[in-house]
2 protein chains.
Amino acid sequence: MYLQDVKLSAVTIKDIAKALGLSTSTVSRALRDSHEISTETKTLILAHAKKINYKPNRNAQSLKEKRSHSIGVIVSEIANSFFSQVINGIESIASKHGYTVNISQSMESADRELMNLEYLTSSFIDGLIISVSTETKNHEYLKELHAKGLPIVFVDRVIDEIETHKVIADNFKGAYKATKHLIAKGYKKIAIVSNHEGLSIAKERLAGYKEALSEAKIPIRENMIVFCDHGGMLYAEVENAMNGLMKLRTKPDAIFAGSDKITTGCMRFMKNKKIKIPEDLALIGFSNNDLTELLSPPLSVIKQPAFEMGEAAMTLLLNMMESKRPQQQFETRIQSTELLIRKST
Amino acid sequence: MYLQDVKLSAVTIKDIAKALGLSTSTVSRALRDSHEISTETKTLILAHAKKINYKPNRNAQSLKEKRSHSIGVIVSEIANSFFSQVINGIESIASKHGYTVNISQSMESADRELMNLEYLTSSFIDGLIISVSTETKNHEYLKELHAKGLPIVFVDRVIDEIETHKVIADNFKGAYKATKHLIAKGYKKIAIVSNHEGLSIAKERLAGYKEALSEAKIPIRENMIVFCDHGGMLYAEVENAMNGLMKLRTKPDAIFAGSDKITTGCMRFMKNKKIKIPEDLALIGFSNNDLTELLSPPLSVIKQPAFEMGEAAMTLLLNMMESKRPQQQFETRIQSTELLIRKST
DNA sequence: TTTTTTTACGCAATCGTTCCCGATATCGAT
DNA sequence: ATCGATATCGGGAACGATTGCGTAAAAAAA
């Protein structure tokens with residue numbers, strides 16, 4: 001006989017029952033600490049269970065109870081400081097409540113996102129935390145899931161039409177403050193390298209940027225607004241956007257970058273092109289990489305409370321999953337961003 | 001009736017059977033494309049399944065087949081560039097083969113590691129990829145699991161006594177090359193800020209460091225070897241170690257840092273203390289953060305092929321999980337590191 | 001036409017748990 | 001001593017899918 005055949009946790013509730021001359025129902029009840037089992041048998045069962053190292057079969061439990069105590073998390077890319085921090089927050093709360101977290105990444109591809117979604121939701125997860133991909137334009141599948149009653153929490157990148165809990169950073173204010181800071185520093189030709197136009201975060205940040213300009217009575221120039229449709233996932237994208245800006249008759253004197261990857265991408269671009277920061281061109285952007293302050297020059301950034309956002313998302317999801325009746329009231333938790341002014345502006 | 005009660009995937013194989021006047025066995029076989037089902041009924045069933053959006057219940061499948069098609073991944077911290085890149089590699093292969101990835105983090109705590117381990121292995125995962133925590137000293141539970149036949153692959157931080165597949169970076173050579181580089185640059189008083197002494201990677205890196213020194217006939221001074229027992233997870237740890245070194249009568253003229261967090265921690269320390277790099281003190285270390293080249297000064301680092309290590313680990317795990325008989329031959333895949341020389345040395 | 005083989009499907013057990021019903025046993029109250 | 005009320009426990013049917021075995025009908029061979 002091969003070890004493989006013995007399989008893990010070959011020990012079941014039946015083994016305990018047989019060994020103790022009891023029924024499986026009694027054992028099950030004892031393990032769940034039911035009141036209709038005497039204290040003696042209960043301790044007997046518990047002791048024996050511990051002795052033979054009994055572990056409930058989670059698949060059987062899930063099948064019976066119609067809940068798996070595991071959740072799905074879909075982000076665009078795990079190896080992104082913002083998302084990994086969010087996941088950290090999610091996991092820390094989840095594990096504390098006996099939930100397992102299944103992660104998968106969309107890589108900004110709508111197809112991969114859908115695939116993961118279909119696979120995860122084969123009556124497998126009790127809830128979902130998702131930050132939609134830049135490419136996603138068709139939300140039908142998500143809407144269906146939501147309509148069917150799957151608890152969903154959006155984090156960072158949300159879909160307005162779906163009414164559920166949402167956790168976002170204060171993107172508008174973050175962008176507004178950053179732009180205002182640039183203006184205060186005397187910059188007048190401020191360009192924005194934004195994430196994909198369809199993304200909620202991109203819209204909000206763009207709005208904040210425009211608001212600050214308007215308030216300062218600086219005209220908004222459309223050619224100062226460029227987009228990276230994959231959020232800067234590929235450097236070429238950023239390079240392209242920046243090259244466009246540098247070819248303008250009136251070049252910008254400051255750049256506001258709309259995402260983590262875009263921010264560092266811009267930095268890399270300027271280094272490559274030997275553009276002096278901030279003398280030739282100032283730079284500020286959204287970023288959660290904790291090395292930004294050690295950069296040359298130390299980068300001014302808008303930092304999102306990523307860990308806390310993950311915690312909040314998981315907490316809200318727990319509420320939904322554990323509540324008896326479907327919730328009617330949904331909240332959009334807006335967490336404030338932090339403006340860290342350093343030498344790049 | 002509340003939506004929640006309808007539950008997801010209320011549609012089962014039984015529904016298809018009933019609707020088409022067939023038995024569940026026929027439907028099941030048709031869906032699995034068995035040869036003993038006629039082509040007509042097969043297409044009929046497939047069509048109807050698609051129409052009512054049938055999704056197999058993965059818990060039921062897992063229960064029946066005694067395998068869940070999901071794996072567990074335990075790392076010390078997700079929000080660490082090295083590990084998040086590893087997970088990226090793991091996930092990319094796993095999802096391609098229909099496996100779900102369950103991650104959990106130990107936060108360098110042996111207790112949390114054990115907790116996660118126990119929970120994940122309740123006949124829930126088919127395999128495990130783990131990078132043990134610094135704190136872990138008792139490997140009994142892991143050994144038990146391994147003895148029971150759970151496919152395990154170690155990545156980065158391995159346990160020598162457990163015979164299974166292992167994926168590591170060439171830590172010895174990486175450390176050796178880095179130290180040798182420092183020597184070539186004329187540094188003579190080279191200190192090492194190492195990770196926890198018990199860790200495999202720490203031992204290997206320390207050995208590489210010593211070898212390079214010996215080869216150059218530079219005496220190995222014990223007070224130039226300091227440890228961070230939590231791998232630099234807390235900055236205070238690094239600060240402490242560095243303060244110790246700076247108080248030495250003969251201060252070091254170069255630092256070799258033994259982990260990602262320690263490397264950036266040292267950098268931060270020197271910035272805080274206004275120590276000039278590399279004039280006052282040179283710095284090189286292991287790191288996978290892709291911002292190191294943009295630092296001030298650009299940091300010389302030893303970079304591990306994190307993504308590829310994740311891919312390799314998952315591939316090896318797939319082999320173990322999918323093979324009929326337990327494997328006897330295990331390989332330790334040693335992936336070569338990359339020495340990136342920049343301005344900090 | 002009869003017999004044998006093949007094709008195509010149904011029955012029912014099973015995976016490990018949970019839980020709705022009953023069924024005894026025990027005990028205080030009458 | 002009898003009766004109803006608890007307290008404890010067992011039987012057995014689920015949950016949804018898979019699969020060995022049995023069996024009609026159809027096709028092939030005799």
# chains A, B, ... in the order shown; residues from 1 in each chain; ligands from 1
call {"tool": "closest_atom_pairs", "arguments": {"of": "chain A", "to": "chain D", "cutoff": "10 Å", "atoms": "only C-alpha atoms (C1' of nucleotides)", "output": "Markdown table"}}
result
| residue | atom | partner | partner_atom | distance |
| --- | --- | --- | --- | --- |
| A:Leu22 | CA | D:DG10 | C1' | 8.2 |
| A:Ser23 | CA | D:DG10 | C1' | 6.1 |
| A:Thr24 | CA | D:DG10 | C1' | 8.6 |
| A:Ser25 | CA | D:DG10 | C1' | 7.5 |
| A:Thr26 | CA | D:DC9 | C1' | 6.6 |
| A:His35 | CA | D:DA7 | C1' | 9.6 |
| A:Glu36 | CA | D:DT8 | C1' | 6.4 |
| A:Ile37 | CA | D:DT8 | C1' | 6.0 |
| A:Ser38 | CA | D:DT8 | C1' | 6.7 |
| A:Thr41 | CA | D:DT8 | C1' | 9.8 |
| A:Ala60 | CA | D:DC15 | C1' | 8.4 |
| A:Gln61 | CA | D:DC15 | C1' | 9.2 |
| A:Ser62 | CA | D:DC15 | C1' | 8.9 |
| A:Leu63 | CA | D:DC15 | C1' | 5.4 |
| A:Lys64 | CA | D:DC15 | C1' | 4.7 |
| A:Glu65 | CA | D:DC15 | C1' | 7.8 |
| A:Lys66 | CA | D:DC15 | C1' | 7.9 |
call {"tool": "interface_residues", "arguments": {"of": "chain C", "to": "chain B", "cutoff": "9 Å", "atoms": "only C-alpha atoms (C1' of nucleotides)", "output": "list in words"}}
result
DT7, DA8, DC9, DG10, DT14, DC15 and DG16 of chain C
call {"tool": "write_last_selection", "arguments": {"atoms": "N, CA and C atoms (P, O5', C5', C4', C3', O3' and C1' of nucleotides)", "output": "compact mmCIF listing (two decimals), in the first residue's frame"}}
result
# COMPACT_ATOMS: atom_id res chain seq x y z
P DT C 7 -19.86 -0.65 -28.99
O5' DT C 7 -21.24 0.06 -28.64
C5' DT C 7 -22.32 -0.05 -29.56
C4' DT C 7 -23.55 0.58 -28.94
C3' DT C 7 -23.31 1.88 -28.18
O3' DT C 7 -24.23 2.84 -28.63
C1' DT C 7 -24.55 0.38 -26.85
P DA C 8 -24.18 4.35 -28.14
O5' DA C 8 -25.19 4.32 -26.93
C5' DA C 8 -26.55 3.95 -27.19
C4' DA C 8 -27.34 4.07 -25.91
C3' DA C 8 -27.02 5.33 -25.09
O3' DA C 8 -28.25 5.91 -24.68
C1' DA C 8 -26.78 3.41 -23.74
P DC C 9 -28.26 7.37 -24.05
O5' DC C 9 -28.60 7.04 -22.54
C5' DC C 9 -29.91 6.59 -22.26
C4' DC C 9 -29.89 5.66 -21.08
C3' DC C 9 -29.83 6.33 -19.71
O3' DC C 9 -31.14 6.61 -19.25
C1' DC C 9 -28.72 4.19 -19.81
P DG C 10 -31.39 7.36 -17.89
O5' DG C 10 -31.54 6.17 -16.83
C5' DG C 10 -32.55 5.19 -17.03
C4' DG C 10 -32.56 4.20 -15.87
C3' DG C 10 -32.65 4.84 -14.48
O3' DG C 10 -33.48 4.02 -13.66
C1' DG C 10 -30.64 3.59 -14.65
P DT C 14 -21.96 1.40 0.58
O5' DT C 14 -21.09 2.69 0.28
C5' DT C 14 -20.19 2.70 -0.82
C4' DT C 14 -19.67 4.09 -1.04
C3' DT C 14 -19.44 4.88 0.26
O3' DT C 14 -18.04 5.08 0.43
C1' DT C 14 -20.50 6.21 -1.42
P DC C 15 -17.49 5.34 1.93
O5' DC C 15 -16.91 6.81 1.80
C5' DC C 15 -16.05 7.18 0.73
C4' DC C 15 -16.02 8.68 0.60
C3' DC C 15 -16.17 9.38 1.94
O3' DC C 15 -14.88 9.74 2.42
C1' DC C 15 -17.58 10.36 0.24
P DG C 16 -14.55 9.31 3.96
O5' DG C 16 -15.21 10.50 4.79
C5' DG C 16 -14.67 11.80 4.66
C4' DG C 16 -15.57 12.79 5.33
C3' DG C 16 -15.81 12.54 6.82
O3' DG C 16 -15.67 13.77 7.49
C1' DG C 16 -17.88 12.70 5.70
call {"tool": "select_by_dssp", "arguments": {"residues": "stretch 117-326 of chain B", "states": "alpha helix (DSSP H)", "output": "JSON, numbers by chain"}}
result
{"B": [117, 118, 119, 120, 140, 141, 142, 143, 144, 145, 146, 147, 148, 171, 172, 173, 174, 175, 176, 177, 178, 179, 180, 181, 182, 183, 184, 200, 201, 202, 203, 204, 205, 206, 207, 208, 209, 210, 211, 212, 213, 214, 215, 235, 236, 237, 238, 239, 240, 241, 242, 243, 244, 245, 246, 260, 261, 262, 263, 264, 265, 266, 267, 268, 269, 270, 271, 272, 306, 307, 308, 309, 310, 311, 312, 313, 314, 315, 316, 317, 318, 319, 320, 321, 322]}
call {"tool": "closest_atom_pairs", "arguments": {"of": "chain A", "to": "chain B", "cutoff": "8 Å", "atoms": "only C-alpha atoms", "output": "CSV"}}
result
residue,atom,partner,partner_atom,distance
A:Tyr2,CA,B:Arg325,CA,6.9
A:Leu3,CA,B:Gly149,CA,5.7
A:Gln4,CA,B:Gly149,CA,5.4
A:Val6,CA,B:Lys148,CA,7.4
A:Lys7,CA,B:Gly149,CA,6.7
A:Leu8,CA,B:Lys148,CA,6.0
A:Ser9,CA,B:Ser123,CA,6.1
A:Lys55,CA,B:Ser122,CA,5.6
A:Pro56,CA,B:Ser122,CA,6.2
A:Asn57,CA,B:Ser123,CA,5.5
A:Arg58,CA,B:Phe124,CA,6.1
A:Asn59,CA,B:Asn59,CA,5.1
A:Ala60,CA,B:Leu63,CA,5.9
A:Ser62,CA,B:Asn59,CA,6.4
A:Leu63,CA,B:Asn59,CA,5.6
A:Glu77,CA,B:Asn88,CA,7.6
A:Ile78,CA,B:Ser84,CA,6.0
A:Ala79,CA,B:Ser84,CA,4.7
A:Asn80,CA,B:Ser84,CA,7.8
A:Ser81,CA,B:Ala79,CA,6.5
A:Ser84,CA,B:Ala79,CA,4.7
A:Gln85,CA,B:Ala79,CA,5.2
A:Ile87,CA,B:Ile78,CA,7.4
A:Asn88,CA,B:Ile78,CA,6.1
A:Glu91,CA,B:Ser104,CA,6.6
A:Ser95,CA,B:Ser104,CA,7.8
A:Thr100,CA,B:Asn102,CA,6.7
A:Val101,CA,B:Asn102,CA,5.6
A:Asn102,CA,B:Asn102,CA,4.5
A:Ile103,CA,B:Val101,CA,6.1
A:Ser104,CA,B:Glu91,CA,6.6
A:Gln105,CA,B:Glu91,CA,7.7
A:Asn116,CA,B:Ser95,CA,7.9
A:Leu120,CA,B:Thr100,CA,7.9
A:Ser122,CA,B:Lys55,CA,5.5
A:Ser123,CA,B:Asn57,CA,5.5
A:Phe124,CA,B:Arg58,CA,6.1
A:Leu145,CA,B:Leu8,CA,7.8
A:Ala147,CA,B:Leu3,CA,7.9
A:Lys148,CA,B:Leu8,CA,6.1
A:Gly149,CA,B:Gln4,CA,5.3
A:Leu150,CA,B:Leu8,CA,6.9
A:Thr264,CA,B:Leu291,CA,7.7
A:Met267,CA,B:Leu294,CA,7.8
A:Arg268,CA,B:Leu294,CA,7.1
A:Lys271,CA,B:Leu294,CA,7.9
A:Leu291,CA,B:Leu291,CA,7.0
A:Thr292,CA,B:Leu291,CA,7.9
A:Leu294,CA,B:Leu295,CA,5.7
A:Leu295,CA,B:Leu295,CA,3.9
A:Ser296,CA,B:Ser296,CA,4.5
A:Pro297,CA,B:Ser296,CA,7.0
A:Arg325,CA,B:Gln4,CA,6.9
A:Pro326,CA,B:Gln4,CA,6.1
call {"tool": "select_by_dssp", "arguments": {"residues": "stretch 201-314 of chain A", "states": "strand (DSSP E)", "output": "ChimeraX atom specification"}}
result
/A:225-228,254-257,282-286,300-303
call {"tool": "decode", "arguments": {"residues": "chain D", "atoms": "C-alpha atoms (C1' of nucleotides)", "output": "mmCIF file, in the first residue's frame"}}
result
data_model
loop_
_atom_site.group_PDB
_atom_site.id
_atom_site.type_symbol
_atom_site.label_atom_id
_atom_site.label_comp_id
_atom_site.auth_asym_id
_atom_site.auth_seq_id
_atom_site.Cartn_x
_atom_site.Cartn_y
_atom_site.Cartn_z
ATOM 1 C "C1'" DA D 1 -46.916 2.207 41.011
ATOM 2 C "C1'" DT D 2 -48.041 5.128 37.131
ATOM 3 C "C1'" DC D 3 -47.320 8.976 34.182
ATOM 4 C "C1'" DG D 4 -45.377 12.825 31.850
ATOM 5 C "C1'" DA D 5 -41.152 15.374 31.404
ATOM 6 C "C1'" DT D 6 -36.358 15.613 30.508
ATOM 7 C "C1'" DA D 7 -32.042 13.960 29.295
ATOM 8 C "C1'" DT D 8 -29.259 11.088 26.022
ATOM 9 C "C1'" DC D 9 -28.557 8.756 22.372
ATOM 10 C "C1'" DG D 10 -29.250 6.113 17.608
ATOM 11 C "C1'" DG D 11 -31.304 5.645 12.772
ATOM 12 C "C1'" DG D 12 -31.219 7.358 8.656
ATOM 13 C "C1'" DA D 13 -31.922 10.794 5.232
ATOM 14 C "C1'" DA D 14 -29.906 14.364 3.222
ATOM 15 C "C1'" DC D 15 -25.878 17.632 0.669
ATOM 16 C "C1'" DG D 16 -24.132 17.011 -4.893
ATOM 17 C "C1'" DA D 17 -21.347 14.366 -7.508
ATOM 18 C "C1'" DT D 18 -19.126 9.921 -9.108
ATOM 19 C "C1'" DT D 19 -19.056 5.078 -10.455
ATOM 20 C "C1'" DG D 20 -19.501 -0.112 -10.260
ATOM 21 C "C1'" DC D 21 -22.879 -3.019 -11.606
ATOM 22 C "C1'" DG D 22 -27.004 -4.485 -13.791
ATOM 23 C "C1'" DT D 23 -30.125 -4.471 -17.755
ATOM 24 C "C1'" DA D 24 -33.023 -3.185 -21.513
ATOM 25 C "C1'" DA D 25 -32.713 -2.412 -26.476
ATOM 26 C "C1'" DA D 26 -30.274 -2.439 -30.671
ATOM 27 C "C1'" DA D 27 -26.876 -4.340 -33.641
ATOM 28 C "C1'" DA D 28 -24.082 -8.039 -35.151
ATOM 29 C "C1'" DA D 29 -23.102 -12.787 -35.619
ATOM 30 C "C1'" DA D 30 -24.648 -17.414 -35.887
#
